[in-house]
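Shown here: run-v3.txt, compact mmCIF, C-alpha atoms.
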# COMPACT_ATOMS: atom_id res chain seq x y z
CA MET A 98 0.00 0.00 0.00
CA SER A 99 1.32 3.43 -0.92
CA ARG A 100 1.71 5.54 2.21
CA GLY A 101 1.33 8.95 0.56
CA GLY A 102 -1.70 10.63 -0.94
CA ALA A 103 -1.74 12.46 -4.23
CA ASP A 104 -4.03 15.14 -2.78
CA GLY A 105 -1.83 15.82 0.22
CA GLY A 106 -3.50 13.42 2.62
CA VAL A 107 -1.75 10.56 4.40
CA ARG A 108 -2.82 6.97 3.88
CA LEU A 109 -3.34 4.96 7.04
CA ARG A 110 -4.27 1.31 7.45
CA VAL A 111 -6.30 0.57 10.57
CA LEU A 112 -7.32 -2.77 12.04
CA SER A 113 -9.99 -3.14 14.74
CA TYR A 114 -10.02 -6.55 16.41
CA ASN A 115 -11.67 -8.20 19.39
CA VAL A 116 -9.02 -10.82 20.17
CA HIS A 117 -11.18 -12.82 22.63
CA SER A 118 -8.56 -12.44 25.38
CA GLN A 119 -6.18 -14.58 23.25
CA ARG A 120 -8.12 -17.70 24.19
CA ASP A 121 -8.09 -19.18 20.69
CA ASP A 122 -5.25 -19.95 18.24
CA ARG A 123 -2.68 -17.30 19.17
CA ALA A 124 -0.33 -18.19 16.34
CA ALA A 125 -3.17 -17.67 13.87
CA LEU A 126 -4.02 -14.36 15.57
CA VAL A 127 -0.47 -13.11 15.11
CA GLU A 128 -0.39 -14.24 11.48
CA VAL A 129 -3.68 -12.47 10.71
CA VAL A 130 -2.50 -9.16 12.14
CA ARG A 131 0.97 -9.29 10.60
CA ALA A 132 -0.42 -10.19 7.18
CA ALA A 133 -2.71 -7.14 7.29
CA GLU A 134 0.30 -4.81 7.66
CA PRO A 135 -1.58 -2.22 9.75
CA ASP A 136 -0.29 1.14 10.92
CA VAL A 137 -2.73 1.12 13.84
CA VAL A 138 -4.46 -1.76 15.61
CA ILE A 139 -7.41 -1.12 17.92
CA VAL A 140 -7.73 -4.12 20.22
CA GLN A 141 -10.69 -5.16 22.34
CA GLU A 142 -10.29 -7.81 25.09
CA ALA A 143 -6.59 -7.11 25.51
CA PRO A 144 -4.81 -8.05 28.77
CA ARG A 145 -6.24 -6.14 31.74
CA ARG A 146 -5.36 -8.21 34.79
CA PHE A 147 -2.26 -9.80 36.37
CA ARG A 148 0.97 -8.68 34.63
CA TRP A 149 -1.09 -6.76 32.08
CA ARG A 150 1.79 -4.44 31.11
CA HIS A 151 4.05 -7.36 30.21
CA LYS A 152 1.23 -9.16 28.38
CA CYS A 153 0.24 -6.09 26.36
CA ALA A 154 3.86 -5.47 25.42
CA ALA A 155 4.27 -9.13 24.42
CA LEU A 156 1.16 -8.97 22.24
CA ALA A 157 2.39 -5.79 20.55
CA ASP A 158 5.81 -7.33 19.96
CA ALA A 159 4.26 -10.45 18.45
CA PHE A 160 2.36 -8.20 16.02
CA GLY A 161 5.53 -6.22 15.21
CA LEU A 162 3.98 -3.11 16.78
CA PHE A 163 4.26 -0.91 19.86
CA VAL A 164 1.91 -0.07 22.72
CA ALA A 165 0.44 3.41 22.55
CA VAL A 166 -2.00 3.15 25.45
CA GLY A 167 -4.43 0.78 27.11
CA GLY A 168 -4.59 -2.43 29.07
CA LEU A 169 -5.87 -2.17 32.64
CA PRO A 170 -6.41 1.66 32.63
CA ALA A 171 -8.73 1.28 29.61
CA LEU A 172 -10.31 -1.97 30.86
CA GLY A 173 -8.95 -4.20 28.11
CA ASN A 174 -8.93 -1.71 25.25
CA LEU A 175 -5.48 -1.38 23.70
CA LEU A 176 -4.08 0.85 20.94
CA LEU A 177 -1.00 -0.30 19.03
CA THR A 178 0.97 1.50 16.31
CA ASN A 179 3.94 0.98 14.07
CA LEU A 180 6.95 3.30 14.04
CA ARG A 181 5.46 5.36 11.24
CA VAL A 182 2.86 6.72 13.65
CA ARG A 183 3.95 9.24 16.26
CA VAL A 184 1.93 9.07 19.48
CA ASP A 185 1.74 12.57 20.94
CA ARG A 186 -0.70 12.16 23.83
CA THR A 187 -2.71 9.35 25.41
CA TRP A 188 -5.48 9.01 27.96
CA CYS A 189 -8.11 6.52 29.15
CA ARG A 190 -11.69 6.74 30.36
CA ARG A 191 -13.60 4.38 32.61
CA PHE A 192 -17.36 4.02 32.55
CA PRO A 193 -19.24 3.73 35.87
CA LEU A 194 -19.51 0.23 37.25
CA THR A 195 -22.90 -1.43 37.27
CA PRO A 196 -22.94 -3.99 40.12
CA GLY A 197 -22.62 -7.50 38.78
CA ARG A 198 -21.31 -6.33 35.38
CA HIS A 199 -17.81 -5.90 33.90
CA LEU A 200 -16.07 -2.56 34.36
CA ARG A 201 -15.54 -1.06 30.89
CA GLY A 202 -13.91 1.98 29.33
CA ALA A 203 -12.06 3.44 26.37
CA ALA A 204 -8.53 4.23 25.20
CA PHE A 205 -7.51 7.42 23.36
CA ALA A 206 -4.32 8.31 21.48
CA GLU A 207 -3.64 11.60 19.73
CA CYS A 208 -1.31 10.70 16.86
CA SER A 209 0.40 12.15 13.81
CA VAL A 210 2.01 10.98 10.61
CA GLY A 211 3.91 13.93 9.22
CA SER A 212 1.51 16.88 9.26
CA ALA A 213 -1.58 14.66 9.44
CA ARG A 214 -3.02 14.62 12.95
CA PHE A 215 -5.76 12.31 14.20
CA VAL A 216 -7.16 10.72 17.35
CA VAL A 217 -7.58 6.95 17.63
CA VAL A 218 -10.21 5.62 20.04
CA GLY A 219 -10.94 2.07 21.10
CA SER A 220 -13.86 0.84 23.19
CA HIS A 221 -15.94 -2.23 24.00
CA LEU A 222 -19.49 -1.64 25.19
CA SER A 223 -21.54 -3.77 27.54
CA THR A 224 -23.42 -6.92 26.60
CA ASP A 225 -26.28 -5.64 28.82
CA PRO A 226 -28.84 -3.74 26.69
CA ALA A 227 -29.87 -1.68 29.71
CA GLU A 228 -26.30 -0.56 30.48
CA ARG A 229 -24.98 -0.16 26.93
CA PRO A 230 -26.74 3.08 25.84
CA GLY A 231 -25.37 4.98 28.84
CA GLN A 232 -21.85 3.84 28.02
CA ALA A 233 -22.37 4.94 24.41
CA ARG A 234 -23.37 8.42 25.60
CA LEU A 235 -20.29 8.68 27.82
CA LEU A 236 -18.05 7.52 24.99
CA LYS A 237 -19.64 10.10 22.68
CA GLN A 238 -19.10 12.87 25.22
CA ALA A 239 -15.44 11.90 25.62
CA MET A 240 -14.91 11.88 21.86
CA ALA A 241 -16.52 15.32 21.55
CA GLU A 242 -13.62 16.74 23.58
CA THR A 243 -11.17 16.03 20.74
CA ALA A 244 -10.64 18.47 17.85
CA ALA A 245 -8.54 16.36 15.47
CA PRO A 246 -10.16 13.93 13.01
CA LEU A 247 -11.22 10.84 14.90
CA ILE A 248 -10.93 7.11 14.16
CA LEU A 249 -13.01 4.83 16.37
CA GLY A 250 -12.84 1.05 16.57
CA VAL A 251 -15.53 -0.39 18.81
CA ASP A 252 -17.23 -3.64 19.71
CA VAL A 253 -20.71 -2.17 20.14
CA ASN A 254 -22.22 -5.50 21.21
CA GLU A 255 -25.35 -4.68 19.22
CA ASN A 256 -26.25 -4.53 15.56
CA PRO A 257 -26.72 -1.32 13.53
CA GLY A 258 -29.93 0.49 14.40
CA GLY A 259 -29.76 -0.21 18.12
CA PRO A 260 -29.77 2.74 20.54
CA ALA A 261 -26.08 2.50 21.47
CA TRP A 262 -25.06 2.08 17.83
CA ARG A 263 -27.08 5.16 16.81
CA THR A 264 -25.51 7.23 19.59
CA VAL A 265 -21.96 6.26 18.68
CA ALA A 266 -22.51 6.64 14.93
CA ASP A 267 -24.11 10.09 15.12
CA GLY A 268 -21.98 12.56 13.15
CA LEU A 269 -19.44 9.92 12.12
CA VAL A 270 -19.00 7.84 8.97
CA ASP A 271 -19.70 4.12 9.29
CA VAL A 272 -16.82 2.77 7.23
CA ALA A 273 -18.73 -0.36 6.18
CA GLU A 274 -21.70 1.70 5.02
CA SER A 275 -19.50 4.13 3.10
CA THR A 276 -18.04 1.26 1.06
CA GLY A 277 -21.30 -0.67 0.59
CA ARG A 278 -20.02 -3.61 2.64
CA THR A 279 -22.54 -3.83 5.44
CA ASP A 280 -23.06 -7.46 4.44
CA ARG A 281 -19.58 -8.26 5.78
CA LEU A 282 -20.54 -9.59 9.22
CA THR A 283 -18.15 -9.94 12.15
CA PHE A 284 -19.56 -12.28 14.81
CA PRO A 285 -19.39 -15.15 15.56
CA CYS A 286 -16.37 -15.91 13.41
CA ARG A 287 -17.64 -19.32 12.31
CA GLY A 288 -20.77 -18.49 10.36
CA PRO A 289 -21.02 -14.80 11.27
CA ARG A 290 -24.58 -13.53 11.74
CA HIS A 291 -24.05 -10.09 13.30
CA ARG A 292 -22.24 -6.82 12.58
CA ILE A 293 -21.55 -5.83 16.17
CA ASP A 294 -17.99 -4.59 15.52
CA ALA A 295 -17.49 -1.29 13.73
CA LEU A 296 -15.04 1.28 12.48
CA PHE A 297 -16.27 4.88 12.44
CA VAL A 298 -14.33 7.91 11.20
CA ASP A 299 -14.64 11.67 11.18
CA PRO A 300 -16.20 12.98 7.92
CA ARG A 301 -12.91 14.79 7.24
CA ILE A 302 -11.26 11.40 6.72
CA THR A 303 -11.69 9.70 3.33
CA VAL A 304 -12.40 5.99 3.31
CA LEU A 305 -10.38 4.33 0.54
CA ASP A 306 -11.14 0.68 1.25
CA TYR A 307 -12.73 -1.55 3.87
CA ASP A 308 -13.20 -5.25 4.48
CA VAL A 309 -13.71 -7.85 7.16
CA ILE A 310 -10.89 -10.39 7.14
CA ASP A 311 -12.74 -13.69 6.86
CA THR A 312 -10.30 -16.53 6.23
CA ALA A 313 -9.64 -20.00 7.59
CA ARG A 314 -6.89 -18.47 9.70
CA SER A 315 -8.98 -15.60 11.11
CA ARG A 316 -11.73 -18.07 12.04
CA ARG A 317 -9.20 -19.87 14.26
CA ALA A 318 -7.73 -16.71 15.76
CA SER A 319 -10.69 -15.30 17.73
CA ASP A 320 -14.46 -15.46 18.06
CA HIS A 321 -14.69 -12.13 16.19
CA LEU A 322 -13.43 -11.31 12.70
CA PRO A 323 -11.12 -8.31 12.32
CA LEU A 324 -12.05 -5.12 10.45
CA ARG A 325 -9.50 -3.52 8.10
CA ALA A 326 -9.75 -0.04 6.60
CA ASP A 327 -7.50 2.07 4.39
CA LEU A 328 -8.04 5.75 5.16
CA LEU A 329 -6.82 9.07 3.85
CA VAL A 330 -6.22 11.46 6.74
CA PRO A 331 -6.04 15.15 5.85
CA THR A 332 -2.81 17.07 6.40
CA ALA A 333 -2.61 20.39 8.19
CA GLY A 334 -2.68 23.53 6.09

Show me, as structure tokens, the structure contained in the file I just sent.
Amino acid sequence: MSRGGADGGVRLRVLSYNVHSQRDDRAALVEVVRAAEPDVVIVQEAPRRFRWRHKCAALADAFGLFVAVGGLPALGNLLLTNLRVRVDRTWCRRFPLTPGRHLRGAAFAECSVGSARFVVVGSHLSTDPAERPGQARLLKQAMAETAAPLILGVDVNENPGGPAWRTVADGLVDVAESTGRTDRLTFPCRGPRHRIDALFVDPRITVLDYDVIDTARSRRASDHLPLRADLLVPTAG
């Protein structure tokens, strides 16, 4: 993939992937990510417990990438980049805990490639339909605090049209919709029936290509299929 843009933008390849806490075929997982040659990987269900720093670093190293932010502070959301991407600032948000449910949150990284600046966000919303819309609103509020073009990878845990999905998608471009590939489903990996994983981008970002990586290898690697997008991020000035 060419890394420059004829119109002055910067091409960026992004992967969003729920890795199922690496409970499946880890070798296949590594092969899937490496073969995609991403600049940025947005991970859901990354290490978040005992020795999480070491485990996140080991996962990044296996992918040939580097940790930007995430792990325990982002409740299992993890942002990884290659050396082409400069990470200028990072932060995490936690959503309020509902008793009896998992604590969840989001990871944020303000990045640049040359004069192109953008914010990468990763999140994983609740499986509880009563809790999920509130988390979507909090995620939306946190994203509204950023000025640079935004790239969001999220396991919404509901299909398009649901209340949380509508909240998150408001004002953003659904990358699958923009490329006419809403039929590319993501879960479960063997015989996918749902599109609960999504990539959304700021309207200032041009979507060049999008697909869900559905191969024999990716079906062994996790219970979700990964999303891959080629984007053109505008440059300053």

| message | I'd like to know which of A:Val164, A:Cys189, A:Leu112, A:Val270 is closest to Gly250 (chain A), using all atoms listed in the file. | response |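 Nearest candidate to Gly250 (chain A) out of A:Val164, A:Cys189, A:Leu112, A:Val270: A:Leu112.
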
| said: Please compute the CA of Ala133 (chain A)-CA of Val272 (chain A) distance, one decimal, in Å. | reply: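 The value is 17.2 Å.
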
| query | Which distance in Å separates CA of Val166 (chain A) and CA of His151 (chain A), to one decimal? | reply |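 These atoms are spaced 13.0 Å apart.
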
| task | Calculate how many Å separate CA of Val330 (chain A) from CA of Val182 (chain A), rounding to one decimal. | result |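 Going from CA of Val330 (chain A) over to CA of Val182 (chain A), I get 12.4 Å.
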
| task | Excluding Asp252 (chain A) and residues on its chain fewer than 6 positions from it, collect all residues at most 8 Å away from it, counting only C-alpha atoms, and give them as a list in words. | result |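 Counting only the stated atoms, we get Asn115, Gln141, Ser220, His221, Leu222, Ile293, Asp294 and Ala295 of chain A.
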
| task | Have a look at A:Leu177, A:Ile139, A:Ala261, A:Val107 and name the one nearest to Ala157 (chain A); count all atoms listed in the file. | result |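 Smallest distance to Ala157 (chain A) is found for A:Leu177.
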
| query | A:Asp271, A:Asp320, A:Asp280, A:Glu228: which is nearest Asp299 (chain A), counting all atoms listed in the file? | reply | A:Asp271

| Counting only C-alpha atoms, what is within 9 Å of Ala203 (chain A), bar same-chain residues fewer than 2 positions away, as a list in words? |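 Counting only the stated atoms, we get Gly167, Pro170, Ala171, Leu172, Gly173, Asn174, Leu175, Trp188, Cys189, Arg190, Arg191, Phe192, Arg201, Phe205, Val218, Gly219, Ser220, His221 and Leu236 of chain A.
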
| Between A:Leu296, A:Leu269, A:Val116, A:Leu126, which is the closest to Leu249 (chain A) once you count all atoms listed in the file? | A:Leu296
